[in-house]
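Here's the structure we're looking at; comments come further down.
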Amino acid sequence: MVAPLRTPWWLEEAAAAADGDEASEPLSGPLDADVCVVGGGFTGLWTALAVKERDPSAHVVLLEAERCGAGPSGRNGGFLHGYWASIGRACSVLGERAALDLARAGERIIPAVRALGGEVWLHESGMLSVSTTPAQDRTLDASVAAAAAVGRPEQAVPLDRDALAERIRSASFRRGVFFPECATVQPARLVGVLRRKALEAGVELHERSPVRRVEDLRGARAVVVATNAAATGWRPVRRHVTNFGSYVVLTEPVPELLAEIGWTGGEAVVDGRMFIHYFRTTDDGRVLMGSGSGPIGFGGRLDGRFTLDEPTAARAELGLRRLLPGLAGARVERAWGGPIDVSADHLPFFGTVPGTRIHYGLGYSGNGVGPSWLGGQILASLALEREDEWASLPLVRRPPSLPPEPLKRIGGGLVRAAILAVEEAEEAGRRPSLAARAGAAVPRRLGMRIGTR
Ligand SMILES: Cc1cc2nc3c(=O)[nH]c(=O)nc-3n(C[C@H](O)[C@H](O)[C@H](O)COP(=O)(O)OP(=O)(O)OC[C@H]3O[C@@H](n4cnc5c(N)ncnc54)[C@H](O)[C@@H]3O)c2cc1C
């Protein structure tokens, strides 16, 4: 039976802890702002805070369509990291020097979250990448080689089967890699703390205030579009990004089962699939298992594909049962999903609409909890027209283009199905069909990336 699709547990837990924090008033009357930020997720909130830090006299207005954290920021896995875990991809996209600049800038993310205090359930326990098939072994080897090649081997430490079992035991795991630069958070609590800090800093916040057209925000001297997946159909960026669904399941508290499999160190874990499984524990001993294999969007529309897709939630639960058989007795209490904004090269991008003071940033491709802090620094610099270290980060760029709709949806959907078929066959120890292998190889041949890895 598929776990019931419900409100993200994070949001309920954070709301109970905040004890009835009221939504702020919708915007009524004309807008008057130095900087208007559209979107109250991590990107928008970090941007608003960064603008106020750099220019306390700036009048910052933040407009959020629902409540802060209603989007992916309140419903994600809570993996918090920069770019050391993907340094190989960063080098191949940006070149080695720019990738190193980015990875070093990303080292400032966890300290920035640490500075917010203990309320956000920050655990600095690193991340494990585990392989369950020979093909996934090669993915692990590539990560280790990439970190070594840039002279930072300590950022991707190989673990043989025994060393991995000291951190987490599963009959499905072959071996692993440990990435020290990763933490986990309770994401909805992080949103709540950022929202409170923004209000304390004097940001004028209006929730339940959807913006219909950014071009109409004429009362703002600069506008920052921080609506993430909701911007995927917006003309200035739509050729560079598409949306995939990602779904998680959450178990009841099972601290005694976690002790039995030795997973008590709080490490975040991912497998080596293209459409990854990602899993972690919570402070009360639950396990969250996510699958990035959800449906691909069409034309930037955020419809039921991203919150109501039972097959993807079922795949996340299947992942839980396969990857962690020691948790067979753990009951899954609920599931939920959300959209992931995937760029053609899987790195986010930031910029300014030519001839305007409208700035944007998106394309986190499933790694936005940490990088949205970088995004906030970059967007604050763009909005304040500062030519500083943030505005010159290599993420201020335009990524390669994706095909136009409906090709983006149709082609992406076919390739997604082929990759899923290949990875499922490999996990079952079968040879994937020729058609599936051919379909799965298409993006590589075109120099594109698909999936959420
Ligand atoms: C299931 C799932 C698991 C994930 N797990 C991880 C993870 O473990 N680690 C990780 O790094 N990343 C993860 N991600 C991705 C991560 O959550 C996002 O990259 C990140 O939250 C993006 O933050 P954001 O502020 O840019 O966007 P969002 O959180 O989407 O915020 C955008 C906000 O804009 C608002 N908005 C939209 N349209 C309008 C409008 N017209 N007017 C006003 N407001 C508007 C929305 O309501 C929303 O609150 C996951 C995503 C999902 C869906």
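Residue names in the structure tokens use chain letters A, B, ... in the order shown, residue numbers from 1 in each chain, and ligand numbers from 1 in the order shown.
When the distance limit is 10 Å and only C-alpha atoms are what count, the residues near Leu49 (chain A), minus those fewer than 2 positions from it on the same chain, are Gly44, Leu45, Trp46, Thr47, Val51, Lys52, Glu53, Arg54, Asp55, Pro56, Val60, Leu194, Arg195, Lys197, Ala198, Leu199, Glu200, Ala201, Gly202, Val203, Gly376, Gln377 and Ala380 of chain A.
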Selected residues written out, C-alpha atoms, as a PDB file, in the first residue's frame:
```
ATOM      1  CA  GLY A  44      14.267  34.892  -1.112  1.00  0.00           C
ATOM      2  CA  LEU A  45      14.832  34.974   2.644  1.00  0.00           C
ATOM      3  CA  TRP A  46      18.633  34.770   2.418  1.00  0.00           C
ATOM      4  CA  THR A  47      18.541  37.497  -0.262  1.00  0.00           C
ATOM      5  CA  VAL A  51      20.522  43.094   1.347  1.00  0.00           C
ATOM      6  CA  LYS A  52      19.743  44.354   4.860  1.00  0.00           C
ATOM      7  CA  GLU A  53      23.174  43.293   6.128  1.00  0.00           C
ATOM      8  CA  ARG A  54      24.931  45.204   3.379  1.00  0.00           C
ATOM      9  CA  ASP A  55      22.658  48.231   3.409  1.00  0.00           C
ATOM     10  CA  PRO A  56      20.577  48.454   6.612  1.00  0.00           C
ATOM     11  CA  VAL A  60      13.220  45.554   1.401  1.00  0.00           C
ATOM     12  CA  LEU A 194      15.208  32.971   8.529  1.00  0.00           C
ATOM     13  CA  ARG A 195      11.718  34.471   8.393  1.00  0.00           C
ATOM     14  CA  LYS A 197      15.502  37.128  11.367  1.00  0.00           C
ATOM     15  CA  ALA A 198      14.242  38.903   8.261  1.00  0.00           C
ATOM     16  CA  LEU A 199      11.407  40.510  10.238  1.00  0.00           C
ATOM     17  CA  GLU A 200      13.839  41.503  13.002  1.00  0.00           C
ATOM     18  CA  ALA A 201      16.114  43.066  10.372  1.00  0.00           C
ATOM     19  CA  GLY A 202      13.231  45.259   9.219  1.00  0.00           C
ATOM     20  CA  VAL A 203      12.190  43.396   6.065  1.00  0.00           C
ATOM     21  CA  GLY A 376      21.143  35.050  -1.503  1.00  0.00           C
ATOM     22  CA  GLN A 377      24.613  36.629  -1.423  1.00  0.00           C
ATOM     23  CA  ALA A 380      21.817  40.842  -2.948  1.00  0.00           C
TER      24      ALA A 380
END
```
Proximity to ligand 1 - best of A:Ser433, A:Asn76, A:Gln136, A:Ser365, only C-alpha atoms and all ligand atoms: A:Asn76
Provide the CA of Gly326 (chain A) to CA of Ser170 (chain A) distance in Å, to one decimal place. 6.9 Å
Taking 5 positions as the minimum chain separation for residues in the same chain, which residues sit within 12 Å of Pro443 (chain A) when counting only C-alpha atoms? Answer as a tab-separated table (two decimals) with C-alpha atoms, in the first residue's frame.
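Saved file result.tsv follows:
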```tsv
chain	number	residue	atom	x	y	z
A	274	MET	CA	21.04	9.00	-11.66
A	344	ALA	CA	20.74	21.60	-18.38
A	345	ASP	CA	24.10	21.20	-16.59
A	402	LEU	CA	17.29	22.72	-23.33
A	403	PRO	CA	15.02	21.94	-26.29
A	408	LYS	CA	11.62	19.22	-23.57
A	411	GLY	CA	12.29	13.89	-24.90
A	412	GLY	CA	12.93	14.29	-21.18
A	413	GLY	CA	10.09	11.88	-20.37
A	414	LEU	CA	11.42	9.20	-22.74
A	415	VAL	CA	14.95	9.47	-21.43
A	416	ARG	CA	13.72	9.42	-17.83
A	418	ALA	CA	14.88	4.65	-20.11
A	419	ILE	CA	17.19	5.58	-17.23
A	437	ARG	CA	20.37	1.47	-22.76
A	438	ALA	CA	20.13	3.42	-25.99
A	448	MET	CA	23.30	17.15	-21.45
A	449	ARG	CA	22.45	15.81	-18.02
A	450	ILE	CA	19.17	14.38	-16.95
A	451	GLY	CA	17.91	13.00	-13.68
```
If we count only C-alpha atoms and set the cut-off at 6 Å, which residues sit around region 172-186 of chain A, ignoring sequence neighbours fewer than 2 positions away in its own chain? Please answer as an MDAnalysis selection string. chainID A and resid 78:81 120:132 155:161 170 188:189 323
Find the distance between CA of Asp34 (chain A) and atom 33 (C, counted along the ligand's line) of ligand 1 and write it in Å to one decimal. 20.0 Å
Region 337-369 of chain A residues near region 292-301 of chain A within 12 Å, closest pair each, using only C-alpha atoms, as JSON lines:
```
{"residue": "A:Gly337", "atom": "CA", "partner": "A:Gly294", "partner_atom": "CA", "distance": 8.6}
{"residue": "A:Gly338", "atom": "CA", "partner": "A:Gly294", "partner_atom": "CA", "distance": 9.0}
{"residue": "A:Pro339", "atom": "CA", "partner": "A:Gly297", "partner_atom": "CA", "distance": 8.5}
{"residue": "A:Ile340", "atom": "CA", "partner": "A:Gly292", "partner_atom": "CA", "distance": 8.5}
{"residue": "A:Asp341", "atom": "CA", "partner": "A:Gly300", "partner_atom": "CA", "distance": 9.4}
{"residue": "A:Val342", "atom": "CA", "partner": "A:Ile296", "partner_atom": "CA", "distance": 9.8}
{"residue": "A:Ser365", "atom": "CA", "partner": "A:Gly292", "partner_atom": "CA", "distance": 10.1}
{"residue": "A:Gly366", "atom": "CA", "partner": "A:Gly292", "partner_atom": "CA", "distance": 8.1}
{"residue": "A:Asn367", "atom": "CA", "partner": "A:Gly292", "partner_atom": "CA", "distance": 11.4}
```
Same residues, N, CA and C atoms, saved as a PDB file, in the first residue's frame:
```pdb
ATOM      1  N   GLY A 337       5.620  15.302  -1.844  1.00  0.00           N
ATOM      2  CA  GLY A 337       6.504  15.579  -2.974  1.00  0.00           C
ATOM      3  C   GLY A 337       6.592  17.061  -3.263  1.00  0.00           C
ATOM      4  N   GLY A 338       7.450  17.399  -4.211  1.00  0.00           N
ATOM      5  CA  GLY A 338       7.600  18.791  -4.627  1.00  0.00           C
ATOM      6  C   GLY A 338       8.426  18.849  -5.899  1.00  0.00           C
ATOM      7  N   PRO A 339       8.432  20.016  -6.549  1.00  0.00           N
ATOM      8  CA  PRO A 339       9.184  20.155  -7.803  1.00  0.00           C
ATOM      9  C   PRO A 339      10.653  20.494  -7.579  1.00  0.00           C
ATOM     10  N   ILE A 340      11.489  19.991  -8.477  1.00  0.00           N
ATOM     11  CA  ILE A 340      12.915  20.325  -8.466  1.00  0.00           C
ATOM     12  C   ILE A 340      13.244  21.002  -9.784  1.00  0.00           C
ATOM     13  N   ASP A 341      13.829  22.172  -9.704  1.00  0.00           N
ATOM     14  CA  ASP A 341      14.177  22.969 -10.893  1.00  0.00           C
ATOM     15  C   ASP A 341      15.542  22.510 -11.409  1.00  0.00           C
ATOM     16  N   VAL A 342      15.519  21.831 -12.554  1.00  0.00           N
ATOM     17  CA  VAL A 342      16.752  21.202 -13.047  1.00  0.00           C
ATOM     18  C   VAL A 342      17.274  21.972 -14.260  1.00  0.00           C
ATOM     19  N   SER A 365      18.701  22.184  -9.121  1.00  0.00           N
ATOM     20  CA  SER A 365      18.783  20.779  -9.547  1.00  0.00           C
ATOM     21  C   SER A 365      18.859  19.800  -8.367  1.00  0.00           C
ATOM     22  N   GLY A 366      18.092  20.087  -7.328  1.00  0.00           N
ATOM     23  CA  GLY A 366      18.020  19.154  -6.197  1.00  0.00           C
ATOM     24  C   GLY A 366      19.046  19.419  -5.120  1.00  0.00           C
ATOM     25  N   ASN A 367      19.928  20.387  -5.318  1.00  0.00           N
ATOM     26  CA  ASN A 367      20.867  20.785  -4.264  1.00  0.00           C
ATOM     27  C   ASN A 367      20.736  22.287  -4.070  1.00  0.00           C
TER      28      ASN A 367
END
```
